[in-house]
>>> print(open('input.txt').read())   # compact mmCIF, C-alpha atoms (C1' of nucleotides)
# COMPACT_ATOMS: atom_id res chain seq x y z
CA MET A 1 121.82 108.18 101.59
CA SER A 2 121.47 110.44 104.58
CA VAL A 3 124.50 110.21 106.76
CA ASP A 4 123.77 112.31 109.75
CA MET A 5 126.45 111.08 112.09
CA GLU A 6 125.84 113.71 114.69
CA LEU A 7 126.56 111.01 117.22
CA THR A 8 123.71 111.86 119.49
CA PRO A 9 124.48 110.31 122.85
CA LYS A 10 122.78 107.00 123.00
CA ARG A 11 120.05 106.62 125.56
CA LYS A 12 120.85 104.63 128.59
CA ARG A 13 119.42 101.22 129.04
CA ALA A 14 116.13 101.15 130.88
CA ALA A 15 117.15 99.15 133.91
CA GLY A 16 120.64 98.45 135.16
CA GLU A 17 120.91 95.52 132.78
CA ARG A 18 123.33 95.99 129.93
CA CYS A 19 122.77 94.12 126.72
CA CYS A 20 126.41 94.51 125.75
CA GLN A 21 129.51 96.51 126.40
CA PRO A 22 129.26 100.16 125.49
CA VAL A 23 129.70 100.66 121.82
CA VAL A 24 132.66 102.46 120.36
CA TYR A 25 131.79 105.35 118.17
CA PRO A 26 132.86 105.10 114.57
CA ASP A 27 136.33 106.34 113.89
CA VAL A 28 135.69 107.21 110.31
CA GLN A 29 134.22 110.63 109.98
CA PRO A 30 131.06 111.14 107.92
CA ALA A 31 132.94 112.83 105.11
CA GLU A 32 135.45 109.98 104.98
CA ALA A 33 132.64 107.47 105.03
CA VAL A 34 130.93 109.18 102.12
CA ARG A 35 134.15 109.30 100.11
CA MET A 36 135.12 105.70 100.76
CA ALA A 37 131.58 104.46 100.19
CA SER A 38 131.42 106.20 96.85
CA VAL A 39 134.66 104.51 95.81
CA ALA A 40 133.40 101.16 97.05
CA LYS A 41 130.11 101.68 95.27
CA ALA A 42 131.91 102.36 92.02
CA LEU A 43 133.82 99.11 92.49
CA GLY A 44 130.59 97.30 93.32
CA ASP A 45 130.02 96.04 89.83
CA PRO A 46 132.00 93.12 88.44
CA ILE A 47 132.59 94.78 85.10
CA ARG A 48 133.85 97.98 86.66
CA LEU A 49 136.07 96.05 89.03
CA GLN A 50 137.61 94.16 86.14
CA LEU A 51 137.97 97.40 84.20
CA VAL A 52 139.98 98.85 87.04
CA ASP A 53 141.98 95.65 87.19
CA VAL A 54 142.85 95.83 83.50
CA LEU A 55 143.70 99.51 83.62
CA ARG A 56 145.72 99.15 86.78
CA ARG A 57 147.87 96.28 85.69
CA HIS A 58 148.51 97.94 82.39
CA ALA A 59 151.67 99.96 82.48
CA GLY A 60 150.45 102.89 80.44
CA GLU A 61 147.08 104.00 79.28
CA VAL A 62 144.47 101.97 77.54
CA CYS A 63 142.29 103.05 74.67
CA VAL A 64 138.58 102.36 74.89
CA CYS A 65 138.60 100.46 71.63
CA GLU A 66 140.81 97.85 73.31
CA LEU A 67 138.44 97.51 76.24
CA VAL A 68 135.19 96.97 74.41
CA PRO A 69 135.94 93.48 73.07
CA LEU A 70 137.00 92.28 76.51
CA PHE A 71 133.49 92.45 77.88
CA ASP A 72 130.19 91.17 76.70
CA ILE A 73 128.50 94.54 76.83
CA SER A 74 127.79 97.20 74.28
CA GLN A 75 130.07 100.15 73.72
CA PRO A 76 127.65 102.69 75.23
CA THR A 77 127.34 100.56 78.34
CA LEU A 78 131.10 100.35 78.68
CA SER A 79 131.31 104.09 78.23
CA HIS A 80 128.73 104.47 80.95
CA HIS A 81 130.77 102.32 83.34
CA LEU A 82 133.89 104.28 82.56
CA SER A 83 132.15 107.53 83.26
CA LYS A 84 131.01 106.16 86.62
CA LEU A 85 134.54 105.24 87.48
CA ARG A 86 135.65 108.68 86.43
CA ALA A 87 132.93 110.32 88.51
CA ALA A 88 134.25 108.41 91.52
CA GLY A 89 137.74 109.69 90.78
CA ILE A 90 139.09 106.20 90.27
CA VAL A 91 140.09 106.66 86.66
CA ASP A 92 140.73 109.57 84.41
CA SER A 93 140.91 109.90 80.67
CA GLN A 94 142.66 111.84 78.04
CA ARG A 95 141.72 112.26 74.42
CA ARG A 96 144.34 112.10 71.73
CA GLY A 97 142.94 112.41 68.28
CA LEU A 98 140.12 109.99 67.77
CA TRP A 99 140.98 107.87 70.76
CA ALA A 100 140.32 108.19 74.44
CA TYR A 101 142.84 106.76 76.84
CA TYR A 102 141.95 105.75 80.36
CA TYR A 103 144.22 105.28 83.31
CA VAL A 104 143.82 104.60 87.02
CA ARG A 105 144.43 107.28 89.62
CA PRO A 106 146.00 105.11 92.32
CA GLU A 107 145.59 107.68 95.06
CA ALA A 108 141.83 107.39 94.71
CA LEU A 109 141.99 103.86 96.07
CA GLU A 110 144.38 104.55 98.90
CA GLU A 111 141.93 105.69 101.54
CA LEU A 112 139.64 102.71 101.13
CA SER A 113 142.57 100.34 100.88
CA ALA A 114 144.08 101.69 104.08
CA TRP A 115 140.78 101.45 105.93
CA LEU A 116 140.28 97.89 104.79
CA SER A 117 143.63 96.65 106.03
CA MET B 1 125.33 92.36 86.09
CA SER B 2 126.27 89.97 83.35
CA VAL B 3 129.92 89.16 83.57
CA ASP B 4 130.69 87.09 80.61
CA MET B 5 134.42 87.29 80.63
CA GLU B 6 134.92 84.77 77.91
CA LEU B 7 137.74 86.98 76.70
CA THR B 8 136.89 86.71 73.07
CA PRO B 9 139.97 87.61 71.08
CA LYS B 10 139.78 91.25 70.26
CA ARG B 11 139.58 92.15 66.65
CA LYS B 12 142.71 93.48 65.10
CA ARG B 13 143.02 97.08 64.23
CA ALA B 14 141.99 97.90 60.71
CA ALA B 15 145.21 99.26 59.35
CA GLY B 16 148.70 98.91 60.76
CA GLU B 17 148.08 101.78 63.09
CA ARG B 18 147.74 100.90 66.76
CA CYS B 19 145.78 103.18 69.00
CA CYS B 20 147.62 101.87 72.03
CA GLN B 21 149.73 99.05 73.29
CA PRO B 22 147.98 95.70 73.40
CA VAL B 23 145.80 95.43 76.41
CA VAL B 24 146.51 93.06 79.23
CA TYR B 25 143.68 90.75 80.03
CA PRO B 26 142.23 91.04 83.49
CA ASP B 27 143.95 88.98 86.09
CA VAL B 28 140.96 88.66 88.33
CA GLN B 29 138.76 85.78 87.30
CA PRO B 30 135.05 86.38 86.79
CA ALA B 31 134.15 84.53 89.96
CA GLU B 32 136.64 86.59 91.96
CA ALA B 33 135.32 89.75 90.39
CA VAL B 34 131.76 88.85 91.32
CA ARG B 35 132.77 88.07 94.91
CA MET B 36 134.84 91.18 95.42
CA ALA B 37 132.27 93.38 93.71
CA SER B 38 129.54 92.10 95.98
CA VAL B 39 131.66 92.95 99.02
CA ALA B 40 132.46 96.37 97.60
CA LYS B 41 128.82 96.93 96.81
CA ALA B 42 127.84 96.13 100.37
CA LEU B 43 130.40 98.68 101.54
CA GLY B 44 129.10 101.18 99.01
CA ASP B 45 126.80 102.93 101.44
CA PRO B 46 128.14 105.34 104.07
CA ILE B 47 125.98 103.94 106.81
CA ARG B 48 127.01 100.36 106.12
CA LEU B 49 130.64 101.37 105.93
CA GLN B 50 130.40 103.05 109.30
CA LEU B 51 128.53 100.07 110.69
CA VAL B 52 131.41 97.84 109.68
CA ASP B 53 133.81 100.33 111.16
CA VAL B 54 132.02 100.32 114.51
CA LEU B 55 131.72 96.56 114.60
CA ARG B 56 135.28 96.03 113.54
CA ARG B 57 136.90 98.34 116.02
CA HIS B 58 134.81 96.90 118.78
CA ALA B 59 136.56 94.11 120.55
CA GLY B 60 133.59 91.84 120.99
CA GLU B 61 130.10 91.82 119.63
CA VAL B 62 127.67 94.66 119.49
CA CYS B 63 123.97 94.52 120.18
CA VAL B 64 121.65 96.14 117.69
CA CYS B 65 120.11 98.31 120.35
CA GLU B 66 123.46 100.05 120.74
CA LEU B 67 123.75 100.67 117.02
CA VAL B 68 120.40 102.27 116.37
CA PRO B 69 121.04 105.55 118.21
CA LEU B 70 124.33 106.04 116.40
CA PHE B 71 122.66 106.68 113.10
CA ASP B 72 119.89 108.93 111.98
CA ILE B 73 117.84 106.17 110.46
CA SER B 74 114.95 104.07 111.67
CA GLN B 75 115.41 100.70 113.28
CA PRO B 76 113.95 98.79 110.32
CA THR B 77 116.31 100.57 107.98
CA LEU B 78 119.26 99.69 110.17
CA SER B 79 118.08 96.11 110.27
CA HIS B 80 117.92 96.15 106.51
CA HIS B 81 121.49 97.41 106.23
CA LEU B 82 122.69 94.76 108.65
CA SER B 83 121.00 92.05 106.66
CA LYS B 84 122.71 93.32 103.53
CA LEU B 85 126.07 93.15 105.24
CA ARG B 86 125.23 89.66 106.41
CA ALA B 87 124.17 88.61 102.92
CA ALA B 88 127.56 89.76 101.65
CA GLY B 89 129.24 87.67 104.33
CA ILE B 90 130.84 90.70 105.93
CA VAL B 91 129.11 90.36 109.27
CA ASP B 92 127.34 87.63 111.13
CA SER B 93 124.98 87.66 114.06
CA GLN B 94 123.98 85.62 117.02
CA ARG B 95 120.87 85.87 119.11
CA ARG B 96 121.02 85.63 122.86
CA GLY B 97 117.72 86.10 124.56
CA LEU B 98 116.06 89.19 123.29
CA TRP B 99 119.20 90.67 121.82
CA ALA B 100 121.00 90.14 118.56
CA TYR B 101 124.75 90.58 118.51
CA TYR B 102 126.63 91.39 115.35
CA TYR B 103 130.29 90.93 114.60
CA VAL B 104 132.57 91.29 111.60
CA ARG B 105 133.95 88.30 109.76
CA PRO B 106 137.40 89.67 108.90
CA GLU B 107 138.16 87.03 106.31
CA ALA B 108 135.32 88.38 104.19
CA LEU B 109 137.26 91.56 103.58
CA GLU B 110 140.59 89.95 102.87
CA GLU B 111 140.22 89.27 99.18
CA LEU B 112 139.11 92.78 98.33
CA SER B 113 141.69 94.28 100.65
CA ALA B 114 144.46 92.27 99.02
CA TRP B 115 143.35 93.21 95.55
CA LEU B 116 143.21 96.88 96.44
CA SER B 117 146.74 97.02 97.78
C1' DG C 1 98.00 84.07 131.13
C1' DC C 2 99.23 89.41 129.82
C1' DT C 3 102.36 93.04 128.65
C1' DA C 4 106.60 95.09 127.25
C1' DT C 5 110.70 94.94 124.47
C1' DC C 6 114.08 93.69 120.74
C1' DG C 7 114.66 92.90 116.23
C1' DA C 8 113.08 91.18 111.69
C1' DT C 9 109.63 91.38 108.10
C1' DT C 10 106.24 93.41 105.00
C1' DG C 11 104.42 96.78 101.90
C1' DA C 12 104.88 100.96 99.80
C1' DC C 13 107.30 104.75 97.69
C1' DA C 14 110.70 107.56 95.08
C1' DT C 15 115.26 107.08 93.45
C1' DT C 16 119.07 104.97 91.34
C1' DC C 17 121.15 101.34 88.53
C1' DG C 18 122.52 98.49 84.46
C1' DT C 19 121.50 97.85 79.97
C1' DC C 20 120.60 98.70 75.10
C1' DA C 21 119.14 100.98 70.56
C1' DG C 22 119.58 105.07 68.55
C1' DT C 23 121.80 109.32 67.96
C1' DT C 24 125.22 112.89 68.27
C1' DC C 25 129.77 114.86 68.53
C1' DA C 26 134.58 115.19 67.25
C1' DA C 27 138.42 114.04 64.56
C1' DT C 28 140.59 111.88 60.75
C1' DC C 29 141.14 110.68 55.91
C1' DG C 30 140.04 110.71 51.19
C1' DC D 1 133.91 119.18 51.09
C1' DG D 2 131.85 114.26 52.34
C1' DA D 3 132.53 109.77 54.42
C1' DT D 4 134.16 107.15 58.14
C1' DT D 5 135.38 106.10 62.71
C1' DG D 6 135.87 106.31 67.99
C1' DA D 7 133.50 107.49 71.89
C1' DA D 8 129.98 109.96 74.52
C1' DC D 9 125.26 111.17 75.06
C1' DT D 10 119.94 110.41 75.16
C1' DG D 11 115.85 108.08 76.05
C1' DA D 12 113.79 104.19 77.55
C1' DC D 13 113.05 99.98 80.17
C1' DG D 14 112.87 96.65 84.07
C1' DA D 15 115.30 95.70 88.28
C1' DA D 16 117.34 96.94 92.46
C1' DT D 17 118.11 100.29 96.29
C1' DG D 18 117.26 103.17 100.56
C1' DT D 19 113.83 104.66 103.36
C1' DC D 20 109.83 104.57 106.45
C1' DA D 21 105.31 103.21 108.83
C1' DA D 22 103.15 99.39 110.26
C1' DT D 23 103.24 94.85 111.69
C1' DC D 24 104.84 90.45 113.33
C1' DG D 25 107.59 86.74 116.23
C1' DA D 26 110.03 85.62 119.93
C1' DT D 27 111.54 86.29 124.51
C1' DA D 28 111.46 88.06 129.26
C1' DG D 29 109.15 89.50 133.31
C1' DC D 30 104.97 90.37 135.78
>>> encode(input="input.txt", output="structure tokens")
Amino acid sequence: MSVDMELTPKRKRAAGERCCQPVVYPDVQPAEAVRMASVAKALGDPIRLQLVDVLRRHAGEVCVCELVPLFDISQPTLSHHLSKLRAAGIVDSQRRGLWAYYYVRPEALEELSAWLS
Amino acid sequence: MSVDMELTPKRKRAAGERCCQPVVYPDVQPAEAVRMASVAKALGDPIRLQLVDVLRRHAGEVCVCELVPLFDISQPTLSHHLSKLRAAGIVDSQRRGLWAYYYVRPEALEELSAWLS
DNA sequence: GCTATCGATTGACATTCGTCAGTTCAATCG
DNA sequence: CGATTGAACTGACGAATGTCAATCGATAGC
């Protein structure tokens, strides 16, 4: 995952022939690209995308025990997906007693959403 | 990547105690989730995200030979990334003579973009 | 024909991913 | 205390990913 966008000036064409108009350099900076790609990567699994959908449309916070029966995966696997979403900053959690409550951090999606539209 | 959103009715809590409010079932259908996740997954690499950014902000089409020097990766690796973007439907290409021109298919990003915002 | 060039393909490699069974940790309730 | 429960962690597995060197196919120009 080496993103070395040093933007070395591209070499000129050999002859005077141009294959296409000069390319426009990317507007997203490397650091932005890494951030947005990590968010997109976290959303790049159908289960995680639906998890975010459930959590986002839910007004408050959702306990893990309510999420497990929604998906046809084991509880450790769901926990693994949640921890990936948390690592990407998309969700966060809070423990109260025995239960863990997850909620979406909407600002984590803003950058990618803005870039996409 | 098994998405078996049959939405089996979740088992009731044992006692009368609720750990949280009843969960809202996901609004995105499994097929939508798979489509959007595959687009997000394709964007889940910084180089591919920047590739899309370059192609998208470019008015017309861009030849591969202009893309290679922008990134610190080999030509086969770039070709591999482009084919992944094409497999996800995000870009398409057209050969003219020796050169291959890539361009973004904006409608491919619409569903994910709409869901995100 | 021969040669050069653009871009895709192949094969290989280390890394990461998604998944589960099993276990552990933490908190609650008898 | 001990038993139970919710949720995270561990280890393992096959599958997929990102990368490159090497090669191949097709086209253009000589």
>>> closest_atom_pairs(input="input.txt", of="chain C", to="chain A", cutoff="9 Å", atoms="all atoms listed in the file", output="Markdown table")
| residue | atom | partner | partner_atom | distance |
| --- | --- | --- | --- | --- |
| C:DG18 | C1' | A:Thr77 | CA | 8.1 |
| C:DT19 | C1' | A:Thr77 | CA | 6.6 |
| C:DC20 | C1' | A:Ser74 | CA | 7.4 |
| C:DA26 | C1' | A:Leu98 | CA | 7.6 |
| C:DA27 | C1' | A:Leu98 | CA | 5.4 |
| C:DT28 | C1' | A:Leu98 | CA | 7.3 |
>>> interface_residues(input="input.txt", of="chain D", to="chain B", cutoff="12 Å", atoms="all atoms listed in the file", output="CSV table (one decimal) with C-alpha atoms (C1' of nucleotides), keeping the file's coordinate frame")
chain,number,residue,atom,x,y,z
D,5,DT,C1',135.4,106.1,62.7
D,6,DG,C1',135.9,106.3,68.0
D,15,DA,C1',115.3,95.7,88.3
D,16,DA,C1',117.3,96.9,92.5
D,17,DT,C1',118.1,100.3,96.3
D,18,DG,C1',117.3,103.2,100.6
D,19,DT,C1',113.8,104.7,103.4
D,20,DC,C1',109.8,104.6,106.4
D,21,DA,C1',105.3,103.2,108.8
D,22,DA,C1',103.2,99.4,110.3
D,23,DT,C1',103.2,94.8,111.7
D,25,DG,C1',107.6,86.7,116.2
D,26,DA,C1',110.0,85.6,119.9
D,27,DT,C1',111.5,86.3,124.5
D,28,DA,C1',111.5,88.1,129.3
>>> atom_distance(input="input.txt", atom1="atom CA of Leu55 of chain B", atom2="atom C1' of DT16 of chain C")
27.8 Å
>>> closest_residue(input="input.txt", among="D:DC13, D:DC30, D:DC24, D:DA8", to="DG1 of chain C", atoms="all atoms listed in the file")
D:DC30
>>> atom_distance(input="input.txt", atom1="atom C1' of DG11 of chain C", atom2="atom CA of Ser38 of chain A")
29.0 Å
>>> atom_distance(input="input.txt", atom1="atom CA of Tyr102 of chain A", atom2="atom CA of Asp53 of chain A")
12.2 Å
>>> axis_aligned_box(input="input.txt", around="segment 25-28 of chain C", padding_each_side="8 Å", output="lines of an AutoDock Vina configuration file")
center_x = 135.2
center_y = 113.5
center_z = 64.6
size_x = 26.8
size_y = 19.3
size_z = 23.8
>>> decode(input="input.txt", residues="segment 33-48 of chain B", atoms="C-alpha atoms", output="mmCIF file, in the first residue's frame")
data_model
loop_
_atom_site.group_PDB
_atom_site.id
_atom_site.type_symbol
_atom_site.label_atom_id
_atom_site.label_comp_id
_atom_site.auth_asym_id
_atom_site.auth_seq_id
_atom_site.Cartn_x
_atom_site.Cartn_y
_atom_site.Cartn_z
ATOM 1 C CA ALA B 33 -25.128 -3.963 0.126
ATOM 2 C CA VAL B 34 -23.106 -6.282 -2.076
ATOM 3 C CA ARG B 35 -23.036 -3.738 -4.909
ATOM 4 C CA MET B 36 -22.094 -0.791 -2.751
ATOM 5 C CA ALA B 37 -19.538 -2.801 -0.808
ATOM 6 C CA SER B 38 -17.849 -3.889 -4.005
ATOM 7 C CA VAL B 39 -17.580 -0.257 -5.115
ATOM 8 C CA ALA B 40 -16.278 0.762 -1.703
ATOM 9 C CA LYS B 41 -13.818 -2.091 -1.749
ATOM 10 C CA ALA B 42 -12.486 -0.979 -5.109
ATOM 11 C CA LEU B 43 -12.003 2.502 -3.661
ATOM 12 C CA GLY B 44 -10.357 1.021 -0.591
ATOM 13 C CA ASP B 45 -6.830 1.475 -1.870
ATOM 14 C CA PRO B 46 -5.154 4.892 -1.898
ATOM 15 C CA ILE B 47 -3.740 4.451 -5.358
ATOM 16 C CA ARG B 48 -7.074 3.425 -6.832
#
